[in-house]
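First comes the structure, then the notes that go with it.
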Amino acid sequence: MPPYLLHFAQAHEDFRRPEIDALAALEGVALTWVDYDPACPFATVDLASDAAAAALVRRSILVKHAYALWDAADDYDALHAAVRANPGNRNAPFMDASFKFVVETFNTTKSMPEKVAIINSFAYMAFRGVIDLKTPDATLGVLEAWTPPHDPDHRMTRVYFGLLVATGDRRAIDRYNLKRRAYLGTTSMDPELSLIMANMAHVKPGALVYDPFVGTGSFLVTAAHFGGVTVGSDIDGRQIRGTGKGSARSTDAPGSVSVHSNIAQYGCADRVLDCLVFDLAHHPWRNARPFLDAIVTDPPYGVRAGAKKIGGEKWRPAGVSPDASRKHAPSHGQGRFPATVPYDLDAVMADLTDFAARSLVVGGRLSYWLPTVKAEYAPEDVPLHPALRLVANSEQPFGQWSRRLITIEKVRDWEPGMHVSGSGLLGAKLESMGSAALDAFSSANSSDPATTVASTKKPGHKGFRESYFNFGADNNRRDP
Amino acid sequence: MVRLLTHNMLQCHVRDCTNGFPLRFQNAEVEHAEQEMNTEFLVNMLPRIDWAALRATAHELGIAQLPETMPEDAAESTELLQVLHRVLMETSVKAGEMVCPSCEHVYPIRNGIPNMLLNEDEV
């Protein structure tokens with residue numbers, strides 16, 4: 001199989017190979033990794049053809065471009081020698097095509113005159129076609145990899161030369177930009193990662209996709225982007241209706257925007273079935289047979305424990321009726337609220353894993369976030385199940401802690417007697433972090449982790465628990 | 001929305017309630033919204049639908065008359081798929097209740113969103 005160069009974005013490094021492997025499986029593309037370095041955006045793979053390369057990357061969020069790799073060398077002398085030595089039949093289809101050259105560099109910048117000089121050094125190729133910078137038939141790429149800028153020996157280590165054959169789908173990220181989202185909550189998922197999750201979970205046209213912690217509906221719209229038909233549920237109906245306290249924009253009047261607004265904004269009403277209000281631990285899905293192709297979700301961390309482990313800071317929610325016997329959260333009547341994030345994380349993750357094992361069709365996938373403490377993480381912390389196979393585990397680091405994108409595939413039928421296994425220590429390990437790290441953890445659960453340092457937004461997790469708290473009161477009136 | 005496809009996947013989940021499927025619509029405000037047919041999705045759903053329940057519900061709401069059993073060649077029958085598209089995807093209940101045929105528990109629907117939360121004594 002001929003070699004191809006994948007030009008990755010230099011971001012979310014731990015997600016790049018898993019995303020491509022997931023897409024290779026989804027598209028039925030045979031793939032061999034030849035050269036991959038997490039510190040470098042240029043990777044070499046063997047693929048059957050240009051068509052295979054296009055199929056592989058067309059949905060990719062982390063690949064910018066794919067090139068048919070013509071030559072690679074450690075310096076330009078060697079590169080030009082290799083290019084000159086190549087039989088002309090490689091160039092033949094493009095000799096009269098409109099064309100352009102692009103020069104891409106990593107760990108260094110080149111000025112326009114420098115780039116022009118590089119391009120001119122290929123003049124011996126003697127293309128006869130016109131130069132077209134806008135819509136050329138052929139784009140030749142020259143890609144330079146350098147040592148890091150701070151390296152005393154700052155130099156080029158490798159230069160690649162090839163023909164552009166395909167472009168990824170990174171433009172989708174801006175389409176779902178949270179800054180322009182109609183309805184935004186503090187827990188809305190970053191679109192880049194949300195789209196990657198849809199790829200990891202093999203969301204495709206015809207698939208039925210479920211988010212059991214749907215919140216403001218971030219995953220509904222990104223799953224719809226790839227043609228999935230989605231359904232969402234949440235324990236808190238106010239998040240769905242837009243009447244809760246979680247809205248990130250203070251200018252939005254309660255109820256004026258909702259999940260429905262987002263569905264309308266992205267024109268995916270035909271691909272969002274429904275949003276329902278219930279607790280995943282007590283769900284109404286008919287158990288007769290598995291019915292889901294994919295589950296894509298960001299679970300809240302320990303919300304149900306918030307109801308059980310009350311004690312500490314005083315807090316009284318607005319609108320609580322004094323005589324209410326709060327059946328979902330009986331302790332709420334005391335008006336207490338925990339000072340730190342309580343953890344029933346393990347129960348939430350185990351429930352989700354068990355639910356996936358029962359409800360996914362064989363071949364279906366679950367993709368979700370698991371919070372872990374870097375210093376204490378062990379692979380056994382990831383809940384597993386006999387019917388499920390762990391496909392990928394990618395880390396997004398936040399200093400002392402990380403969240404891990406877990407992707408799991410159902411490989412056999414569920415049978416009675418199968419149970420979730422795991423260390424059960426996720427919650428205990430998170431609690432072992434100091435309170436400053438826990439605060440960072442809570443606020444990083446909000447819509448823009450990269451800018452929460454000086455954030456005045458309410459931490460996503462606390463906001464969610466507040467709405468849950470209110471939900472407890474509302475539910476008693478059967479009117480969430 | 002509570003589309004009829006979603007309704008076909010829901011059952012009563014009150015503790016110890018058996019045979020709580022399908023839920024019976026009551027005071028249903030039915031809405032029809034035309035949309036493009038998604039054939040690939042419908043064909044994918046065919047094996048997951050409970051046909052008897054769908055047929056009964058479609059009849060109760062006066063939407064369509066479905067054959068007694070799902071035809072063997074359903075996936076190839078454009079005519080049937082068009083009917084299923086109308087029933088499953090274009091028909092929804094915006095408000096009203098879903099009632100368990102076994103224990104009579106009421107699940108309200110408001111603005112197209114059903115509340116399927118249970119009290120602690122029901123789980």
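By convention in this document, the chains of the structure tokens carry letters A, B, ... by their order, each chain's residues are numbered from 1, and ligands are numbered from 1 in the order they are shown.
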*Kindly determine which residues of chain A lie within 8 Å of chain B, considering only C-alpha atoms, and give the answer as number ranges by chain.*
A: 205-208, 229, 235, 237, 270, 273-279, 282-286, 289-291, 327-328, 475, 480
Listing only residues of stretch 152-267 of chain A within 12 Å of stretch 348-359 of chain A, what is the closest atom pair and its distance in Å (to one decimal) for each, using only C-alpha atoms, sorted by chain and residue number ascending, as a tab-separated table?
residue	atom	partner	partner_atom	distance
A:Leu208	CA	A:Ser359	CA	11.4
A:Val209	CA	A:Ser359	CA	11.2
A:Tyr210	CA	A:Ala356	CA	10.2
A:Asp211	CA	A:Leu352	CA	10.6
A:Pro212	CA	A:Leu352	CA	8.5
A:Phe213	CA	A:Leu352	CA	10.2
Just all heavy atoms for this one: save the residues we selected as a CSV table (one decimal), in the first residue's frame.
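Wrote it out as result14.csv, contents follow:
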chain,number,residue,atom,x,y,z
A,208,LEU,N,-29.2,5.3,15.5
A,208,LEU,CA,-30.0,5.9,16.6
A,208,LEU,C,-29.0,6.1,17.7
A,208,LEU,O,-28.3,5.2,18.2
A,208,LEU,CB,-31.1,4.9,17.1
A,208,LEU,CG,-32.0,5.4,18.2
A,208,LEU,CD1,-32.6,6.7,17.9
A,208,LEU,CD2,-33.0,4.4,18.6
A,209,VAL,N,-28.9,7.4,18.1
A,209,VAL,CA,-27.9,7.8,19.1
A,209,VAL,C,-28.5,8.4,20.3
A,209,VAL,O,-29.5,9.2,20.2
A,209,VAL,CB,-27.0,8.9,18.4
A,209,VAL,CG1,-25.8,9.3,19.3
A,209,VAL,CG2,-26.5,8.4,17.1
A,210,TYR,N,-28.1,8.1,21.5
A,210,TYR,CA,-28.7,8.5,22.7
A,210,TYR,C,-27.7,9.2,23.6
A,210,TYR,O,-26.6,8.8,23.8
A,210,TYR,CB,-29.2,7.2,23.4
A,210,TYR,CG,-29.8,7.4,24.8
A,210,TYR,CD1,-30.7,8.5,25.1
A,210,TYR,CD2,-29.6,6.5,25.8
A,210,TYR,CE1,-31.3,8.6,26.3
A,210,TYR,CE2,-30.1,6.7,27.1
A,210,TYR,CZ,-31.0,7.7,27.3
A,210,TYR,OH,-31.6,7.8,28.6
A,211,ASP,N,-28.2,10.3,24.2
A,211,ASP,CA,-27.4,11.0,25.3
A,211,ASP,C,-28.3,11.0,26.5
A,211,ASP,O,-29.3,11.7,26.6
A,211,ASP,CB,-27.1,12.4,24.9
A,211,ASP,CG,-26.3,13.2,25.9
A,211,ASP,OD1,-26.0,12.6,27.0
A,211,ASP,OD2,-25.9,14.3,25.7
A,212,PRO,N,-27.9,10.2,27.5
A,212,PRO,CA,-28.7,10.1,28.8
A,212,PRO,C,-28.5,11.2,29.7
A,212,PRO,O,-29.1,11.3,30.8
A,212,PRO,CB,-28.2,8.8,29.4
A,212,PRO,CG,-26.9,8.5,28.8
A,212,PRO,CD,-26.8,9.2,27.5
A,213,PHE,N,-27.5,12.1,29.4
A,213,PHE,CA,-27.3,13.3,30.3
A,213,PHE,C,-27.3,14.5,29.3
A,213,PHE,O,-26.4,15.3,29.2
A,213,PHE,CB,-26.0,13.2,31.0
A,213,PHE,CG,-25.9,12.0,31.9
A,213,PHE,CD1,-25.1,10.9,31.4
A,213,PHE,CD2,-26.6,11.9,33.1
A,213,PHE,CE1,-25.0,9.7,32.2
A,213,PHE,CE2,-26.5,10.7,33.8
A,213,PHE,CZ,-25.7,9.6,33.4
*asked:* Write out as number ranges by chain the set of residues from chain B that DSSP, computed on the backbone, places in helix (DSSP H, G or I).
replied: B: 4-8, 39-48, 51-60, 74-76, 78-89, 120-122
*Considering only C-alpha atoms, return as number ranges by chain whatever protein or nucleic-acid residues lie within 7 Å of stretch 64-75 of chain B, sequence-local ones (same chain, fewer than 2 positions apart) excluded.*
B: 43, 51, 55, 58-59, 62, 77, 80
Suppose we keep all heavy atoms; can you now write the selection as an mmCIF file, in the first residue's frame?
data_model
loop_
_atom_site.group_PDB
_atom_site.id
_atom_site.type_symbol
_atom_site.label_atom_id
_atom_site.label_comp_id
_atom_site.auth_asym_id
_atom_site.auth_seq_id
_atom_site.Cartn_x
_atom_site.Cartn_y
_atom_site.Cartn_z
ATOM 1 N N VAL B 43 -35.305 1.810 7.907
ATOM 2 C CA VAL B 43 -34.966 0.404 7.674
ATOM 3 C C VAL B 43 -34.170 -0.141 8.860
ATOM 4 O O VAL B 43 -34.380 -1.273 9.302
ATOM 5 C CB VAL B 43 -34.183 0.255 6.347
ATOM 6 C CG1 VAL B 43 -33.550 -1.113 6.222
ATOM 7 C CG2 VAL B 43 -35.100 0.533 5.164
ATOM 8 N N TRP B 51 -44.202 -4.171 16.618
ATOM 9 C CA TRP B 51 -45.205 -3.902 15.588
ATOM 10 C C TRP B 51 -46.620 -3.859 16.154
ATOM 11 O O TRP B 51 -47.404 -2.965 15.829
ATOM 12 C CB TRP B 51 -45.109 -4.959 14.483
ATOM 13 C CG TRP B 51 -45.964 -4.643 13.310
ATOM 14 C CD1 TRP B 51 -47.243 -5.082 13.047
ATOM 15 C CD2 TRP B 51 -45.633 -3.758 12.224
ATOM 16 N NE1 TRP B 51 -47.717 -4.548 11.876
ATOM 17 C CE2 TRP B 51 -46.742 -3.741 11.354
ATOM 18 C CE3 TRP B 51 -44.509 -3.001 11.909
ATOM 19 C CZ2 TRP B 51 -46.751 -2.984 10.181
ATOM 20 C CZ3 TRP B 51 -44.515 -2.270 10.741
ATOM 21 C CH2 TRP B 51 -45.627 -2.243 9.887
ATOM 22 N N ARG B 55 -49.034 -0.698 15.865
ATOM 23 C CA ARG B 55 -50.318 -0.821 15.145
ATOM 24 C C ARG B 55 -51.471 -0.354 16.032
ATOM 25 O O ARG B 55 -52.345 0.390 15.592
ATOM 26 C CB ARG B 55 -50.511 -2.276 14.735
ATOM 27 C CG ARG B 55 -51.774 -2.559 13.970
ATOM 28 C CD ARG B 55 -51.710 -3.950 13.358
ATOM 29 N NE ARG B 55 -52.910 -4.196 12.594
ATOM 30 C CZ ARG B 55 -53.961 -4.872 13.058
ATOM 31 N NH1 ARG B 55 -53.944 -5.380 14.283
ATOM 32 N NH2 ARG B 55 -55.031 -5.042 12.298
ATOM 33 N N ALA B 58 -51.250 3.499 16.541
ATOM 34 C CA ALA B 58 -51.609 4.234 15.322
ATOM 35 C C ALA B 58 -53.118 4.193 15.112
ATOM 36 O O ALA B 58 -53.729 5.157 14.638
ATOM 37 C CB ALA B 58 -50.881 3.648 14.117
ATOM 38 N N HIS B 59 -53.704 3.082 15.484
ATOM 39 C CA HIS B 59 -55.162 2.935 15.349
ATOM 40 C C HIS B 59 -55.893 3.806 16.371
ATOM 41 O O HIS B 59 -56.829 4.527 16.026
ATOM 42 C CB HIS B 59 -55.532 1.463 15.520
ATOM 43 C CG HIS B 59 -57.011 1.226 15.479
ATOM 44 N ND1 HIS B 59 -57.742 1.263 14.306
ATOM 45 C CD2 HIS B 59 -57.900 0.971 16.480
ATOM 46 C CE1 HIS B 59 -59.008 1.040 14.572
ATOM 47 N NE2 HIS B 59 -59.138 0.850 15.891
ATOM 48 N N GLY B 62 -55.997 7.252 15.485
ATOM 49 C CA GLY B 62 -56.634 7.487 14.187
ATOM 50 C C GLY B 62 -55.666 7.958 13.116
ATOM 51 O O GLY B 62 -56.024 8.739 12.235
ATOM 52 N N SER B 77 -40.256 -2.130 0.664
ATOM 53 C CA SER B 77 -41.543 -1.585 0.243
ATOM 54 C C SER B 77 -41.624 -0.078 0.484
ATOM 55 O O SER B 77 -41.839 0.361 1.616
ATOM 56 C CB SER B 77 -42.674 -2.288 1.011
ATOM 57 O OG SER B 77 -43.861 -1.546 0.927
ATOM 58 N N LEU B 80 -44.898 1.101 2.149
ATOM 59 C CA LEU B 80 -45.009 0.860 3.588
ATOM 60 C C LEU B 80 -44.086 1.809 4.365
ATOM 61 O O LEU B 80 -44.459 2.352 5.392
ATOM 62 C CB LEU B 80 -44.670 -0.593 3.922
ATOM 63 C CG LEU B 80 -44.752 -0.914 5.417
ATOM 64 C CD1 LEU B 80 -46.181 -0.811 5.916
ATOM 65 C CD2 LEU B 80 -44.180 -2.281 5.724
#
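Between atom CA of A:Arg175 and atom CA of A:Ala294 the interatomic distance comes to 22.7 Å.
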*What does the distance between atom CA of A:Ala30 and atom CA of A:Thr157 come to in Å, to one decimal place?*
28.9 Å
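Separating atom CA of A:Glu104 from atom CA of A:Ala22 is a distance of 26.6 Å.
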*For A:Asn262, list every protein, DNA or RNA residue within 9 Å, evaluated using only C-alpha atoms, and leave out those in the same chain fewer than 5 positions away; present the list as a list in words.*
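So, after excluding close chain neighbours, the residues are Arg181, Ala182, Tyr183, Leu184, Thr216, Gly217, Ser218, Val221, Val257, Gly267 and Cys268 of chain A.
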*Which of stretch 99-254 of chain A counts as strand (DSSP E) under DSSP, as number ranges by chain please?*
A: 99-106, 138-146, 156-167, 208-211, 229-234
*Which of A:Ser98, A:Ser188, A:Asn89, A:Ser194 sits closest to A:Val259 [using only C-alpha atoms]*: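 Of all the options, A:Ser188 lies closest to A:Val259.
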*asked:* When you look at B:Ser102 with a cut-off of 8 Å (counting only C-alpha atoms), what residues show up, excluding the ones that are within fewer than 6 positions of it in the same chain? I need them as a count of residues only.
replied: 4
Spatial neighbours of A:Arg59, 6 Å, only C-alpha atoms, chain gap at least 2 places, as a short mmCIF file (atom, residue, chain, number, x, y, z; two decimals) with N, CA and C atoms, in the first residue's frame:
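Below is the file around_21.cif, written as the result:
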data_model
loop_
_atom_site.label_atom_id
_atom_site.label_comp_id
_atom_site.auth_asym_id
_atom_site.auth_seq_id
_atom_site.Cartn_x
_atom_site.Cartn_y
_atom_site.Cartn_z
N VAL A 57 -10.32 10.44 5.98
CA VAL A 57 -10.21 11.73 6.68
C VAL A 57 -11.40 12.66 6.49
N GLY A 168 -9.80 17.20 5.94
CA GLY A 168 -10.67 16.77 7.02
C GLY A 168 -11.86 17.70 7.21
N ASP A 169 -12.58 17.51 8.32
CA ASP A 169 -13.80 18.28 8.54
C ASP A 169 -13.63 19.28 9.70
#
*If you count only C-alpha atoms, which residues fall within 10 Å of A:Arg170, apart from same-chain ones fewer than 4 positions away, as a list in words?*
Ala9, Arg58, Arg59, Ser60, Ile61, Leu62, Val63, Lys64, His65, Asp174, Arg175, Glu192 and Leu195 of chain A
Output all heavy atoms for every residue in the selection just made, as a short mmCIF file (atom, residue, chain, number, x, y, z; two decimals), in the first residue's frame.
data_model
loop_
_atom_site.label_atom_id
_atom_site.label_comp_id
_atom_site.auth_asym_id
_atom_site.auth_seq_id
_atom_site.Cartn_x
_atom_site.Cartn_y
_atom_site.Cartn_z
N ALA A 9 -3.90 18.51 13.24
CA ALA A 9 -3.83 19.68 14.11
C ALA A 9 -2.94 19.30 15.29
O ALA A 9 -2.93 18.14 15.72
CB ALA A 9 -5.23 20.04 14.62
N ARG A 58 -12.35 12.31 5.63
CA ARG A 58 -13.40 13.29 5.32
C ARG A 58 -14.22 13.71 6.55
O ARG A 58 -14.74 14.82 6.59
CB ARG A 58 -14.32 12.76 4.21
CG ARG A 58 -15.14 11.56 4.60
CD ARG A 58 -15.82 10.93 3.38
NE ARG A 58 -16.43 9.67 3.77
CZ ARG A 58 -17.69 9.56 4.15
NH1 ARG A 58 -18.47 10.61 4.17
NH2 ARG A 58 -18.17 8.38 4.52
N ARG A 59 -14.32 12.86 7.56
CA ARG A 59 -15.06 13.21 8.77
C ARG A 59 -14.13 13.60 9.92
O ARG A 59 -14.59 13.90 11.02
CB ARG A 59 -15.88 12.02 9.26
CG ARG A 59 -17.10 11.73 8.51
CD ARG A 59 -17.78 10.50 9.07
NE ARG A 59 -17.92 10.48 10.52
CZ ARG A 59 -18.87 9.82 11.17
NH1 ARG A 59 -19.78 9.15 10.46
NH2 ARG A 59 -18.92 9.80 12.48
N SER A 60 -12.84 13.55 9.68
CA SER A 60 -11.90 13.72 10.78
C SER A 60 -11.89 15.17 11.28
O SER A 60 -11.87 16.11 10.50
CB SER A 60 -10.50 13.32 10.35
OG SER A 60 -9.58 13.65 11.37
N ILE A 61 -11.89 15.31 12.59
CA ILE A 61 -11.86 16.62 13.21
C ILE A 61 -10.42 17.02 13.52
O ILE A 61 -10.10 18.19 13.66
CB ILE A 61 -12.73 16.61 14.50
CG1 ILE A 61 -14.16 16.22 14.16
CG2 ILE A 61 -12.70 17.95 15.22
CD1 ILE A 61 -14.84 17.11 13.14
N LEU A 62 -9.53 16.05 13.63
CA LEU A 62 -8.16 16.35 14.02
C LEU A 62 -7.17 16.30 12.87
O LEU A 62 -6.02 16.70 13.04
CB LEU A 62 -7.72 15.41 15.15
CG LEU A 62 -8.49 15.68 16.46
CD1 LEU A 62 -8.21 14.61 17.49
CD2 LEU A 62 -8.12 17.04 17.03
N VAL A 63 -7.58 15.80 11.70
CA VAL A 63 -6.71 15.83 10.53
C VAL A 63 -7.06 17.05 9.70
O VAL A 63 -8.21 17.26 9.33
CB VAL A 63 -6.84 14.56 9.67
CG1 VAL A 63 -6.20 14.75 8.30
CG2 VAL A 63 -6.22 13.37 10.38
N LYS A 64 -6.04 17.85 9.38
CA LYS A 64 -6.27 19.00 8.49
C LYS A 64 -6.30 18.53 7.03
O LYS A 64 -7.24 18.82 6.30
CB LYS A 64 -5.13 20.01 8.65
CG LYS A 64 -5.10 20.71 10.00
CD LYS A 64 -3.97 21.74 10.01
CE LYS A 64 -3.93 22.51 11.29
NZ LYS A 64 -2.84 23.50 11.29
N HIS A 65 -5.24 17.83 6.63
CA HIS A 65 -5.13 17.40 5.23
C HIS A 65 -4.45 16.05 5.15
O HIS A 65 -3.69 15.66 6.04
CB HIS A 65 -4.26 18.38 4.42
CG HIS A 65 -4.77 19.78 4.43
ND1 HIS A 65 -5.93 20.16 3.79
CD2 HIS A 65 -4.29 20.89 5.03
CE1 HIS A 65 -6.13 21.45 3.99
NE2 HIS A 65 -5.15 21.92 4.74
N ASP A 174 -16.16 25.27 13.80
CA ASP A 174 -16.65 26.64 13.88
C ASP A 174 -18.15 26.70 13.66
O ASP A 174 -18.84 27.56 14.22
CB ASP A 174 -15.93 27.54 12.86
CG ASP A 174 -16.21 29.00 13.13
OD1 ASP A 174 -15.96 29.44 14.27
OD2 ASP A 174 -16.71 29.70 12.23
N ARG A 175 -18.68 25.77 12.87
CA ARG A 175 -20.13 25.75 12.63
C ARG A 175 -20.90 25.60 13.95
O ARG A 175 -22.00 26.10 14.12
CB ARG A 175 -20.43 24.59 11.68
CG ARG A 175 -21.87 24.41 11.29
CD ARG A 175 -22.01 23.39 10.18
NE ARG A 175 -23.23 22.62 10.30
CZ ARG A 175 -24.44 23.06 9.97
NH1 ARG A 175 -24.60 24.26 9.50
NH2 ARG A 175 -25.50 22.28 10.15
N GLU A 192 -15.39 20.84 19.35
CA GLU A 192 -14.32 20.02 18.74
C GLU A 192 -14.35 18.63 19.36
O GLU A 192 -14.36 17.61 18.66
CB GLU A 192 -12.96 20.69 18.97
CG GLU A 192 -11.82 19.97 18.26
CD GLU A 192 -10.51 20.76 18.27
OE1 GLU A 192 -10.42 21.74 19.04
OE2 GLU A 192 -9.60 20.39 17.50
N LEU A 195 -17.59 16.60 18.49
CA LEU A 195 -17.55 16.01 17.15
C LEU A 195 -16.62 14.80 17.13
O LEU A 195 -16.93 13.78 16.50
CB LEU A 195 -17.08 17.06 16.13
CG LEU A 195 -18.09 18.17 15.83
CD1 LEU A 195 -17.40 19.38 15.20
CD2 LEU A 195 -19.20 17.66 14.92
#
*When distances are computed from only C-alpha atoms, which of B:Val99, B:Val83, B:Val106, B:Val93 shows the smallest separation from B:Leu23?*
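The answer is B:Val99, which sits nearest to B:Leu23.
Each of B:Glu76, B:Pro101, B:Leu61, B:Leu81 was compared to B:Asn27 using only C-alpha atoms, and B:Leu61 turns out to be the nearest.
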